Amino acid sequence: MNLVLLGAPGSGKGTQAVRLAQQANLKHISSGDLLREAVEKKTDVGRQAEEYIEAGKLVPDQLVLSLIMEALGALDDHAGWILDGYPRNADQAEALEDVLSTNREVIDAVVFLEVDADVVTQRLLGRGRQDDTEETIRSRLDVFNEETLPVLEFYELRYDVHRVDGSKPIEDVTETIIGLVDL
Ligand code: AMP
């Protein structure tokens, strides 16, 4: 089972991805985590990505793609994967289709976590990660609306996109997703 989880920053993607991955032995691939790890380790990718993350902007596609391809190529004993935070724009969605067709893999389900902008802002302010300042949050939400929402349209033309109310309690959201995608 290969799953793509879409949603605004603060929609609960990361939390849900961890829970779903555990439930179904999927590899949790979070582009944000991979990027933060690269920054911490001061790799070439990390060094180049740092300023974008701090500004709440998208890291250039090629840098992120290299990390995603590496993660997809190292599945170990997992029964599939769950992508969290990737793709973030239409070009990344196209690039992912290319990688998957080369790997003879498919996306089995796309889930979109819907949460109002004021709720996600409050959640992000409460979370207090380094890139969770008010200014950066505004920038990340703008990026989401302008660049990531088109990914939803891209997927709606190709797959069954499941829309889930992400403002519900964590356990309820997980249960709903499990029911919808038949995990
Ligand atoms: P996240 O942990 O998903 O909220 O991501 C944190 C930051 O990492 C984002 O604000 C971007 O700067 C960067 N990032 C994460 N995923 C991507 C992606 N798919 N494409 C470009 N930048 C990304």
# chains A, B, ... in the order shown; residues from 1 in each chain; ligands from 1
>>> residues_near_ligand(ligand="ligand 1", cutoff="7 Å", atoms="only C-alpha atoms and all ligand atoms", output="PyMOL selection string")
chain A and resi 9+30-33+35+52-54+56-61+64+84-88+140
>>> residues_around(residues="segment 165-179 of chain A", least_positions_apart="2", cutoff="9 Å", atoms="only C-alpha atoms", output="JSON, numbers by chain")
{"A": [7, 11, 12, 13, 15, 16, 17, 19, 20, 23, 111, 112, 113, 114, 115, 116, 119, 120, 162, 163, 181, 182, 183]}
>>> write_last_selection(atoms="N, CA and C atoms", output="mmCIF file, in the first residue's frame")
data_model
loop_
_atom_site.group_PDB
_atom_site.id
_atom_site.type_symbol
_atom_site.label_atom_id
_atom_site.label_comp_id
_atom_site.auth_asym_id
_atom_site.auth_seq_id
_atom_site.Cartn_x
_atom_site.Cartn_y
_atom_site.Cartn_z
ATOM 1 N N GLY A 7 -1.949 17.994 2.869
ATOM 2 C CA GLY A 7 -2.621 18.871 3.832
ATOM 3 C C GLY A 7 -1.735 20.055 4.137
ATOM 4 N N SER A 11 -1.860 20.576 9.568
ATOM 5 C CA SER A 11 -3.116 19.830 9.386
ATOM 6 C C SER A 11 -3.079 18.483 10.105
ATOM 7 N N GLY A 12 -1.885 18.115 10.584
ATOM 8 C CA GLY A 12 -1.765 16.845 11.293
ATOM 9 C C GLY A 12 -1.196 15.728 10.420
ATOM 10 N N LYS A 13 -0.660 16.094 9.263
ATOM 11 C CA LYS A 13 -0.086 15.088 8.353
ATOM 12 C C LYS A 13 0.958 14.224 9.038
ATOM 13 N N THR A 15 1.630 13.666 12.225
ATOM 14 C CA THR A 15 1.072 12.842 13.300
ATOM 15 C C THR A 15 0.343 11.635 12.712
ATOM 16 N N GLN A 16 -0.482 11.886 11.726
ATOM 17 C CA GLN A 16 -1.250 10.798 11.126
ATOM 18 C C GLN A 16 -0.337 9.830 10.375
ATOM 19 N N ALA A 17 0.665 10.369 9.708
ATOM 20 C CA ALA A 17 1.567 9.502 8.935
ATOM 21 C C ALA A 17 2.271 8.510 9.862
ATOM 22 N N ARG A 19 1.206 7.368 12.740
ATOM 23 C CA ARG A 19 0.232 6.388 13.240
ATOM 24 C C ARG A 19 -0.135 5.365 12.166
ATOM 25 N N LEU A 20 -0.342 5.856 10.949
ATOM 26 C CA LEU A 20 -0.736 4.955 9.856
ATOM 27 C C LEU A 20 0.413 4.026 9.483
ATOM 28 N N GLN A 23 0.597 1.271 11.963
ATOM 29 C CA GLN A 23 -0.549 0.366 11.814
ATOM 30 C C GLN A 23 -0.346 -0.636 10.679
ATOM 31 N N VAL A 111 -4.801 10.962 0.329
ATOM 32 C CA VAL A 111 -5.672 11.488 1.389
ATOM 33 C C VAL A 111 -5.358 12.966 1.589
ATOM 34 N N PHE A 112 -6.405 13.775 1.606
ATOM 35 C CA PHE A 112 -6.228 15.211 1.851
ATOM 36 C C PHE A 112 -6.845 15.559 3.200
ATOM 37 N N LEU A 113 -6.005 16.029 4.106
ATOM 38 C CA LEU A 113 -6.483 16.432 5.443
ATOM 39 C C LEU A 113 -6.929 17.883 5.399
ATOM 40 N N GLU A 114 -8.220 18.109 5.578
ATOM 41 C CA GLU A 114 -8.755 19.471 5.497
ATOM 42 C C GLU A 114 -8.872 20.090 6.888
ATOM 43 N N VAL A 115 -8.244 21.254 7.046
ATOM 44 C CA VAL A 115 -8.347 21.998 8.310
ATOM 45 C C VAL A 115 -8.357 23.489 7.986
ATOM 46 N N ASP A 116 -9.214 24.269 8.676
ATOM 47 C CA ASP A 116 -9.282 25.714 8.426
ATOM 48 C C ASP A 116 -7.956 26.402 8.728
ATOM 49 N N VAL A 119 -7.274 27.470 12.332
ATOM 50 C CA VAL A 119 -6.952 26.334 13.216
ATOM 51 C C VAL A 119 -5.496 25.906 13.015
ATOM 52 N N VAL A 120 -5.058 25.812 11.768
ATOM 53 C CA VAL A 120 -3.670 25.372 11.551
ATOM 54 C C VAL A 120 -2.696 26.413 12.088
ATOM 55 N N HIS A 162 -9.309 11.091 -1.160
ATOM 56 C CA HIS A 162 -10.172 11.036 0.018
ATOM 57 C C HIS A 162 -9.975 12.288 0.850
ATOM 58 N N ARG A 163 -11.041 13.054 1.035
ATOM 59 C CA ARG A 163 -10.959 14.263 1.876
ATOM 60 C C ARG A 163 -11.389 13.912 3.281
ATOM 61 N N VAL A 181 -9.130 4.035 3.163
ATOM 62 C CA VAL A 181 -8.127 3.497 2.228
ATOM 63 C C VAL A 181 -7.931 1.996 2.411
ATOM 64 N N ASP A 182 -8.696 1.416 3.335
ATOM 65 C CA ASP A 182 -8.646 -0.037 3.503
ATOM 66 C C ASP A 182 -7.265 -0.524 3.924
ATOM 67 N N LEU A 183 -6.699 0.110 4.929
ATOM 68 C CA LEU A 183 -5.348 -0.263 5.406
ATOM 69 C C LEU A 183 -5.377 -1.586 6.158
#
>>> select_by_dssp(residues="segment 13-181 of chain A", states="alpha helix (DSSP H)", output="PyMOL selection string")
chain A and resi 13-24+31-41+44-55+61-72+90-102+117-127+134-143+149-156+170-181
>>> residues_around(residues="Lys27 of chain A", least_positions_apart="6", cutoff="7 Å", atoms="only C-alpha atoms", output="PyMOL selection string")
chain A and resi 21+75+78+80-82
>>> write_last_selection(atoms="C-alpha atoms", output="mmCIF file, in the first residue's frame")
data_model
loop_
_atom_site.group_PDB
_atom_site.id
_atom_site.type_symbol
_atom_site.label_atom_id
_atom_site.label_comp_id
_atom_site.auth_asym_id
_atom_site.auth_seq_id
_atom_site.Cartn_x
_atom_site.Cartn_y
_atom_site.Cartn_z
ATOM 1 C CA ALA A 21 2.791 3.782 9.131
ATOM 2 C CA LEU A 75 12.213 0.315 1.759
ATOM 3 C CA HIS A 78 8.135 -2.343 4.754
ATOM 4 C CA GLY A 80 4.842 0.130 1.162
ATOM 5 C CA TRP A 81 5.220 3.797 2.010
ATOM 6 C CA ILE A 82 3.405 6.858 3.148
#
>>> select_by_dssp(residues="segment 4-183 of chain A", states="strand (DSSP E)", output="PyMOL selection string")
chain A and resi 4-7+27-30+81-84+109-114+161-165
>>> write_last_selection(atoms="N, CA, C and O atoms", output="short mmCIF file (atom, residue, chain, number, x, y, z; two decimals), in the first residue's frame")
data_model
loop_
_atom_site.label_atom_id
_atom_site.label_comp_id
_atom_site.auth_asym_id
_atom_site.auth_seq_id
_atom_site.Cartn_x
_atom_site.Cartn_y
_atom_site.Cartn_z
N VAL A 4 -0.26 8.73 -0.36
CA VAL A 4 0.20 10.13 -0.32
C VAL A 4 -0.75 10.90 0.58
O VAL A 4 -1.97 10.85 0.42
N LEU A 5 -0.16 11.59 1.55
CA LEU A 5 -0.95 12.37 2.51
C LEU A 5 -0.72 13.85 2.22
O LEU A 5 0.42 14.32 2.29
N LEU A 6 -1.80 14.55 1.88
CA LEU A 6 -1.69 15.98 1.59
C LEU A 6 -2.41 16.78 2.65
O LEU A 6 -3.39 16.32 3.24
N GLY A 7 -1.95 17.99 2.87
CA GLY A 7 -2.62 18.87 3.83
C GLY A 7 -1.74 20.05 4.14
O GLY A 7 -0.52 20.00 3.93
N LYS A 27 6.60 2.47 5.35
CA LYS A 27 7.73 3.36 5.63
C LYS A 27 7.22 4.80 5.59
O LYS A 27 6.63 5.22 4.59
N HIS A 28 7.45 5.53 6.68
CA HIS A 28 7.02 6.93 6.74
C HIS A 28 8.11 7.79 6.11
O HIS A 28 9.22 7.87 6.63
N ILE A 29 7.79 8.41 4.98
CA ILE A 29 8.77 9.27 4.31
C ILE A 29 8.30 10.71 4.41
O ILE A 29 7.33 11.11 3.74
N SER A 30 8.95 11.47 5.27
CA SER A 30 8.59 12.88 5.49
C SER A 30 9.68 13.75 4.89
O SER A 30 10.83 13.71 5.33
N TRP A 81 4.76 2.54 1.40
CA TRP A 81 5.22 3.80 2.01
C TRP A 81 4.07 4.77 2.17
O TRP A 81 3.01 4.62 1.57
N ILE A 82 4.35 5.76 3.00
CA ILE A 82 3.41 6.86 3.15
C ILE A 82 4.20 8.16 3.02
O ILE A 82 5.17 8.38 3.74
N LEU A 83 3.83 8.93 2.02
CA LEU A 83 4.55 10.18 1.76
C LEU A 83 3.87 11.32 2.50
O LEU A 83 2.67 11.53 2.37
N ASP A 84 4.68 12.05 3.25
CA ASP A 84 4.18 13.14 4.10
C ASP A 84 4.99 14.40 3.76
O ASP A 84 6.19 14.44 4.02
N ALA A 109 -3.45 5.28 -2.86
CA ALA A 109 -4.47 6.18 -2.32
C ALA A 109 -3.88 7.55 -2.00
O ALA A 109 -2.70 7.67 -1.67
N VAL A 110 -4.72 8.58 -2.16
CA VAL A 110 -4.34 9.95 -1.81
C VAL A 110 -5.33 10.45 -0.77
O VAL A 110 -6.55 10.32 -0.95
N VAL A 111 -4.80 10.96 0.33
CA VAL A 111 -5.67 11.49 1.39
C VAL A 111 -5.36 12.97 1.59
O VAL A 111 -4.19 13.35 1.70
N PHE A 112 -6.40 13.78 1.61
CA PHE A 112 -6.23 15.21 1.85
C PHE A 112 -6.85 15.56 3.20
O PHE A 112 -8.05 15.38 3.41
N LEU A 113 -6.00 16.03 4.11
CA LEU A 113 -6.48 16.43 5.44
C LEU A 113 -6.93 17.88 5.40
O LEU A 113 -6.11 18.78 5.20
N GLU A 114 -8.22 18.11 5.58
CA GLU A 114 -8.76 19.47 5.50
C GLU A 114 -8.87 20.09 6.89
O GLU A 114 -9.51 19.51 7.77
N VAL A 161 -9.33 10.88 -4.60
CA VAL A 161 -8.76 11.61 -3.47
C VAL A 161 -9.76 11.57 -2.31
O VAL A 161 -10.92 11.93 -2.48
N HIS A 162 -9.31 11.09 -1.16
CA HIS A 162 -10.17 11.04 0.02
C HIS A 162 -9.98 12.29 0.85
O HIS A 162 -8.86 12.56 1.30
N ARG A 163 -11.04 13.05 1.04
CA ARG A 163 -10.96 14.26 1.88
C ARG A 163 -11.39 13.91 3.28
O ARG A 163 -12.46 13.35 3.49
N VAL A 164 -10.54 14.26 4.24
CA VAL A 164 -10.82 13.90 5.63
C VAL A 164 -10.76 15.16 6.48
O VAL A 164 -9.85 15.99 6.32
N ASP A 165 -11.71 15.30 7.40
CA ASP A 165 -11.75 16.45 8.30
C ASP A 165 -10.64 16.31 9.35
O ASP A 165 -10.76 15.52 10.28
#
>>> residues_around(residues="segment 130-136 of chain A", least_positions_apart="2", cutoff="10 Å", atoms="only C-alpha atoms", output="MDAnalysis selection string")
chainID A and resid 9:10 53:57 121:128 138:142
>>> residues_around(residues="segment 90-92 of chain A", least_positions_apart="4", cutoff="12 Å", atoms="only C-alpha atoms", output="PDB file with N, CA, C and O atoms, in the first residue's frame")
ATOM      1  N   SER A  31       9.317  14.522   3.860  1.00  0.00           N
ATOM      2  CA  SER A  31      10.335  15.374   3.219  1.00  0.00           C
ATOM      3  C   SER A  31      10.871  16.389   4.215  1.00  0.00           C
ATOM      4  O   SER A  31      12.070  16.680   4.215  1.00  0.00           O
ATOM      5  N   LEU A  58       9.611  26.922  -0.331  1.00  0.00           N
ATOM      6  CA  LEU A  58       9.908  25.563  -0.793  1.00  0.00           C
ATOM      7  C   LEU A  58      11.380  25.446  -1.148  1.00  0.00           C
ATOM      8  O   LEU A  58      11.946  26.321  -1.807  1.00  0.00           O
ATOM      9  N   VAL A  59      11.982  24.380  -0.719  1.00  0.00           N
ATOM     10  CA  VAL A  59      13.348  24.038  -1.091  1.00  0.00           C
ATOM     11  C   VAL A  59      13.310  23.636  -2.567  1.00  0.00           C
ATOM     12  O   VAL A  59      12.341  23.001  -3.011  1.00  0.00           O
ATOM     13  N   PRO A  60      14.343  23.998  -3.374  1.00  0.00           N
ATOM     14  CA  PRO A  60      14.307  23.654  -4.799  1.00  0.00           C
ATOM     15  C   PRO A  60      14.012  22.166  -5.051  1.00  0.00           C
ATOM     16  O   PRO A  60      14.523  21.289  -4.341  1.00  0.00           O
ATOM     17  N   ASP A  61      13.198  21.925  -6.069  1.00  0.00           N
ATOM     18  CA  ASP A  61      12.682  20.577  -6.338  1.00  0.00           C
ATOM     19  C   ASP A  61      13.761  19.495  -6.409  1.00  0.00           C
ATOM     20  O   ASP A  61      13.575  18.404  -5.873  1.00  0.00           O
ATOM     21  N   GLN A  62      14.873  19.805  -7.103  1.00  0.00           N
ATOM     22  CA  GLN A  62      15.888  18.762  -7.316  1.00  0.00           C
ATOM     23  C   GLN A  62      16.500  18.288  -6.002  1.00  0.00           C
ATOM     24  O   GLN A  62      16.834  17.112  -5.854  1.00  0.00           O
ATOM     25  N   LEU A  63      16.658  19.227  -5.070  1.00  0.00           N
ATOM     26  CA  LEU A  63      17.252  18.861  -3.769  1.00  0.00           C
ATOM     27  C   LEU A  63      16.338  17.898  -3.021  1.00  0.00           C
ATOM     28  O   LEU A  63      16.791  16.884  -2.472  1.00  0.00           O
ATOM     29  N   VAL A  64      15.055  18.228  -3.016  1.00  0.00           N
ATOM     30  CA  VAL A  64      14.108  17.376  -2.274  1.00  0.00           C
ATOM     31  C   VAL A  64      13.966  16.037  -2.979  1.00  0.00           C
ATOM     32  O   VAL A  64      13.940  14.978  -2.341  1.00  0.00           O
ATOM     33  N   LEU A  65      13.892  16.078  -4.310  1.00  0.00           N
ATOM     34  CA  LEU A  65      13.706  14.838  -5.073  1.00  0.00           C
ATOM     35  C   LEU A  65      14.826  13.842  -4.781  1.00  0.00           C
ATOM     36  O   LEU A  65      14.573  12.635  -4.655  1.00  0.00           O
ATOM     37  N   SER A  66      16.053  14.353  -4.641  1.00  0.00           N
ATOM     38  CA  SER A  66      17.169  13.432  -4.383  1.00  0.00           C
ATOM     39  C   SER A  66      16.938  12.684  -3.064  1.00  0.00           C
ATOM     40  O   SER A  66      17.198  11.478  -2.976  1.00  0.00           O
ATOM     41  N   ILE A  68      13.986  12.116  -1.610  1.00  0.00           N
ATOM     42  CA  ILE A  68      12.811  11.245  -1.750  1.00  0.00           C
ATOM     43  C   ILE A  68      13.175   9.963  -2.501  1.00  0.00           C
ATOM     44  O   ILE A  68      12.787   8.856  -2.116  1.00  0.00           O
ATOM     45  N   MET A  69      13.958  10.124  -3.571  1.00  0.00           N
ATOM     46  CA  MET A  69      14.332   8.937  -4.355  1.00  0.00           C
ATOM     47  C   MET A  69      15.158   7.973  -3.513  1.00  0.00           C
ATOM     48  O   MET A  69      14.986   6.758  -3.592  1.00  0.00           O
ATOM     49  N   GLY A  85       4.349  15.352   3.122  1.00  0.00           N
ATOM     50  CA  GLY A  85       5.044  16.606   2.784  1.00  0.00           C
ATOM     51  C   GLY A  85       5.594  16.630   1.374  1.00  0.00           C
ATOM     52  O   GLY A  85       6.198  17.623   0.959  1.00  0.00           O
ATOM     53  N   TYR A  86       5.401  15.565   0.651  1.00  0.00           N
ATOM     54  CA  TYR A  86       5.835  15.483  -0.745  1.00  0.00           C
ATOM     55  C   TYR A  86       4.748  14.773  -1.531  1.00  0.00           C
ATOM     56  O   TYR A  86       4.268  13.745  -1.063  1.00  0.00           O
ATOM     57  N   LEU A  96       7.310  12.734  -9.287  1.00  0.00           N
ATOM     58  CA  LEU A  96       6.999  11.514  -8.537  1.00  0.00           C
ATOM     59  C   LEU A  96       6.384  10.460  -9.459  1.00  0.00           C
ATOM     60  O   LEU A  96       6.738   9.276  -9.385  1.00  0.00           O
ATOM     61  N   GLU A  97       5.489  10.882 -10.345  1.00  0.00           N
ATOM     62  CA  GLU A  97       4.892   9.933 -11.296  1.00  0.00           C
ATOM     63  C   GLU A  97       5.993   9.262 -12.121  1.00  0.00           C
ATOM     64  O   GLU A  97       5.952   8.042 -12.351  1.00  0.00           O
ATOM     65  N   ASP A  98       6.978  10.059 -12.559  1.00  0.00           N
ATOM     66  CA  ASP A  98       8.070   9.508 -13.368  1.00  0.00           C
ATOM     67  C   ASP A  98       8.892   8.490 -12.568  1.00  0.00           C
ATOM     68  O   ASP A  98       9.201   7.404 -13.070  1.00  0.00           O
ATOM     69  N   VAL A  99       9.232   8.870 -11.345  1.00  0.00           N
ATOM     70  CA  VAL A  99      10.029   7.960 -10.503  1.00  0.00           C
ATOM     71  C   VAL A  99       9.262   6.668 -10.280  1.00  0.00           C
ATOM     72  O   VAL A  99       9.813   5.567 -10.400  1.00  0.00           O
ATOM     73  N   PHE A 144       1.395  26.936   0.529  1.00  0.00           N
ATOM     74  CA  PHE A 144       0.445  25.824   0.432  1.00  0.00           C
ATOM     75  C   PHE A 144      -0.696  26.184  -0.526  1.00  0.00           C
ATOM     76  O   PHE A 144      -1.026  25.417  -1.433  1.00  0.00           O
ATOM     77  N   GLU A 146      -0.853  28.507  -2.847  1.00  0.00           N
ATOM     78  CA  GLU A 146      -0.476  28.807  -4.227  1.00  0.00           C
ATOM     79  C   GLU A 146       0.147  27.617  -4.947  1.00  0.00           C
ATOM     80  O   GLU A 146      -0.079  27.419  -6.132  1.00  0.00           O
ATOM     81  N   GLU A 147       0.959  26.842  -4.228  1.00  0.00           N
ATOM     82  CA  GLU A 147       1.722  25.800  -4.927  1.00  0.00           C
ATOM     83  C   GLU A 147       1.238  24.382  -4.645  1.00  0.00           C
ATOM     84  O   GLU A 147       1.313  23.515  -5.510  1.00  0.00           O
ATOM     85  N   THR A 148       0.756  24.145  -3.425  1.00  0.00           N
ATOM     86  CA  THR A 148       0.407  22.763  -3.081  1.00  0.00           C
ATOM     87  C   THR A 148      -1.043  22.426  -3.441  1.00  0.00           C
ATOM     88  O   THR A 148      -1.329  21.286  -3.826  1.00  0.00           O
ATOM     89  N   LEU A 149      -1.946  23.407  -3.348  1.00  0.00           N
ATOM     90  CA  LEU A 149      -3.332  23.085  -3.732  1.00  0.00           C
ATOM     91  C   LEU A 149      -3.444  22.582  -5.174  1.00  0.00           C
ATOM     92  O   LEU A 149      -4.247  21.687  -5.453  1.00  0.00           O
ATOM     93  N   PRO A 150      -2.641  23.129  -6.114  1.00  0.00           N
ATOM     94  CA  PRO A 150      -2.684  22.551  -7.469  1.00  0.00           C
ATOM     95  C   PRO A 150      -2.347  21.053  -7.522  1.00  0.00           C
ATOM     96  O   PRO A 150      -2.781  20.352  -8.437  1.00  0.00           O
ATOM     97  N   VAL A 151      -1.583  20.567  -6.542  1.00  0.00           N
ATOM     98  CA  VAL A 151      -1.273  19.126  -6.495  1.00  0.00           C
ATOM     99  C   VAL A 151      -2.567  18.332  -6.288  1.00  0.00           C
ATOM    100  O   VAL A 151      -2.757  17.254  -6.853  1.00  0.00           O
ATOM    101  N   LEU A 152      -3.445  18.923  -5.493  1.00  0.00           N
ATOM    102  CA  LEU A 152      -4.733  18.269  -5.236  1.00  0.00           C
ATOM    103  C   LEU A 152      -5.513  18.114  -6.547  1.00  0.00           C
ATOM    104  O   LEU A 152      -6.065  17.050  -6.835  1.00  0.00           O
ATOM    105  N   GLU A 153      -5.511  19.181  -7.333  1.00  0.00           N
ATOM    106  CA  GLU A 153      -6.210  19.116  -8.632  1.00  0.00           C
ATOM    107  C   GLU A 153      -5.559  18.067  -9.534  1.00  0.00           C
ATOM    108  O   GLU A 153      -6.241  17.307 -10.214  1.00  0.00           O
ATOM    109  N   PHE A 154      -4.224  18.052  -9.504  1.00  0.00           N
ATOM    110  CA  PHE A 154      -3.462  17.077 -10.294  1.00  0.00           C
ATOM    111  C   PHE A 154      -3.910  15.662  -9.940  1.00  0.00           C
ATOM    112  O   PHE A 154      -4.188  14.829 -10.803  1.00  0.00           O
ATOM    113  N   TYR A 155      -4.008  15.379  -8.624  1.00  0.00           N
ATOM    114  CA  TYR A 155      -4.369  14.037  -8.189  1.00  0.00           C
ATOM    115  C   TYR A 155      -5.851  13.732  -8.417  1.00  0.00           C
ATOM    116  O   TYR A 155      -6.213  12.592  -8.679  1.00  0.00           O
TER     117      TYR A 155
END
>>> atom_distance(atom1="atom CA of Leu72 of chain A", atom2="atom CA of Leu157 of chain A")
23.9 Å
>>> atom_distance(atom1="atom CA of Asp76 of chain A", atom2="atom CA of Glu105 of chain A")
15.4 Å
>>> atom_distance(atom1="atom CA of Gly46 of chain A", atom2="atom CA of Asn89 of chain A")
20.0 Å
>>> decode(residues="segment 100-170 of chain A", atoms="C-alpha atoms", output="PDB file, in the first residue's frame")
ATOM      1  CA  LEU A 100       7.184   5.590  -9.701  1.00  0.00           C
ATOM      2  CA  SER A 101       6.710   4.447 -13.263  1.00  0.00           C
ATOM      3  CA  THR A 102      10.464   3.784 -13.507  1.00  0.00           C
ATOM      4  CA  ASN A 103      10.274   1.790 -10.259  1.00  0.00           C
ATOM      5  CA  ARG A 104       7.074   0.044 -11.440  1.00  0.00           C
ATOM      6  CA  GLU A 105       5.213   1.337  -8.423  1.00  0.00           C
ATOM      7  CA  VAL A 106       1.846   3.037  -8.077  1.00  0.00           C
ATOM      8  CA  ILE A 107       0.090   5.350  -5.662  1.00  0.00           C
ATOM      9  CA  ASP A 108      -2.755   3.350  -4.122  1.00  0.00           C
ATOM     10  CA  ALA A 109      -4.474   6.183  -2.318  1.00  0.00           C
ATOM     11  CA  VAL A 110      -4.336   9.953  -1.810  1.00  0.00           C
ATOM     12  CA  VAL A 111      -5.672  11.488   1.389  1.00  0.00           C
ATOM     13  CA  PHE A 112      -6.228  15.211   1.851  1.00  0.00           C
ATOM     14  CA  LEU A 113      -6.483  16.432   5.443  1.00  0.00           C
ATOM     15  CA  GLU A 114      -8.755  19.471   5.497  1.00  0.00           C
ATOM     16  CA  VAL A 115      -8.347  21.998   8.310  1.00  0.00           C
ATOM     17  CA  ASP A 116      -9.282  25.714   8.426  1.00  0.00           C
ATOM     18  CA  ALA A 117      -6.443  28.226   8.124  1.00  0.00           C
ATOM     19  CA  ASP A 118      -7.075  29.763  11.570  1.00  0.00           C
ATOM     20  CA  VAL A 119      -6.952  26.334  13.216  1.00  0.00           C
ATOM     21  CA  VAL A 120      -3.670  25.372  11.551  1.00  0.00           C
ATOM     22  CA  THR A 121      -2.138  28.737  12.482  1.00  0.00           C
ATOM     23  CA  GLN A 122      -3.018  28.198  16.140  1.00  0.00           C
ATOM     24  CA  ARG A 123      -1.669  24.642  16.029  1.00  0.00           C
ATOM     25  CA  LEU A 124       1.611  25.752  14.459  1.00  0.00           C
ATOM     26  CA  LEU A 125       2.092  28.586  16.933  1.00  0.00           C
ATOM     27  CA  GLY A 126       1.521  26.093  19.731  1.00  0.00           C
ATOM     28  CA  ARG A 127       3.996  23.595  18.276  1.00  0.00           C
ATOM     29  CA  GLY A 128       6.985  25.977  18.463  1.00  0.00           C
ATOM     30  CA  ARG A 129       9.343  24.345  15.962  1.00  0.00           C
ATOM     31  CA  GLN A 130      12.179  26.621  14.823  1.00  0.00           C
ATOM     32  CA  ASP A 131      10.326  27.509  11.612  1.00  0.00           C
ATOM     33  CA  ASP A 132       7.029  28.074  13.455  1.00  0.00           C
ATOM     34  CA  THR A 133       7.258  31.865  13.839  1.00  0.00           C
ATOM     35  CA  GLU A 134       4.256  33.932  12.836  1.00  0.00           C
ATOM     36  CA  GLU A 135       5.939  35.298   9.725  1.00  0.00           C
ATOM     37  CA  THR A 136       7.185  31.913   8.530  1.00  0.00           C
ATOM     38  CA  ILE A 137       3.818  30.329   9.182  1.00  0.00           C
ATOM     39  CA  ARG A 138       2.168  32.955   6.972  1.00  0.00           C
ATOM     40  CA  SER A 139       4.677  32.235   4.232  1.00  0.00           C
ATOM     41  CA  ARG A 140       4.156  28.461   4.496  1.00  0.00           C
ATOM     42  CA  LEU A 141       0.393  28.833   4.316  1.00  0.00           C
ATOM     43  CA  ASP A 142       0.733  31.085   1.239  1.00  0.00           C
ATOM     44  CA  VAL A 143       3.004  28.495  -0.370  1.00  0.00           C
ATOM     45  CA  PHE A 144       0.445  25.824   0.432  1.00  0.00           C
ATOM     46  CA  ASN A 145      -2.413  27.756  -1.162  1.00  0.00           C
ATOM     47  CA  GLU A 146      -0.476  28.807  -4.227  1.00  0.00           C
ATOM     48  CA  GLU A 147       1.722  25.800  -4.927  1.00  0.00           C
ATOM     49  CA  THR A 148       0.407  22.763  -3.081  1.00  0.00           C
ATOM     50  CA  LEU A 149      -3.332  23.085  -3.732  1.00  0.00           C
ATOM     51  CA  PRO A 150      -2.684  22.551  -7.469  1.00  0.00           C
ATOM     52  CA  VAL A 151      -1.273  19.126  -6.495  1.00  0.00           C
ATOM     53  CA  LEU A 152      -4.733  18.269  -5.236  1.00  0.00           C
ATOM     54  CA  GLU A 153      -6.210  19.116  -8.632  1.00  0.00           C
ATOM     55  CA  PHE A 154      -3.462  17.077 -10.294  1.00  0.00           C
ATOM     56  CA  TYR A 155      -4.369  14.037  -8.189  1.00  0.00           C
ATOM     57  CA  GLU A 156      -8.113  14.509  -8.527  1.00  0.00           C
ATOM     58  CA  LEU A 157      -7.728  13.969 -12.261  1.00  0.00           C
ATOM     59  CA  ARG A 158      -5.838  10.702 -11.734  1.00  0.00           C
ATOM     60  CA  TYR A 159      -6.866   9.117  -8.447  1.00  0.00           C
ATOM     61  CA  ASP A 160      -9.649   8.864  -5.953  1.00  0.00           C
ATOM     62  CA  VAL A 161      -8.762  11.610  -3.468  1.00  0.00           C
ATOM     63  CA  HIS A 162     -10.172  11.036   0.018  1.00  0.00           C
ATOM     64  CA  ARG A 163     -10.959  14.263   1.876  1.00  0.00           C
ATOM     65  CA  VAL A 164     -10.817  13.901   5.629  1.00  0.00           C
ATOM     66  CA  ASP A 165     -11.748  16.455   8.304  1.00  0.00           C
ATOM     67  CA  GLY A 166      -8.412  16.996  10.047  1.00  0.00           C
ATOM     68  CA  SER A 167      -9.895  19.111  12.843  1.00  0.00           C
ATOM     69  CA  LYS A 168     -11.321  16.009  14.548  1.00  0.00           C
ATOM     70  CA  PRO A 169      -9.462  14.247  17.408  1.00  0.00           C
ATOM     71  CA  ILE A 170      -6.286  12.443  16.362  1.00  0.00           C
TER      72      ILE A 170
END
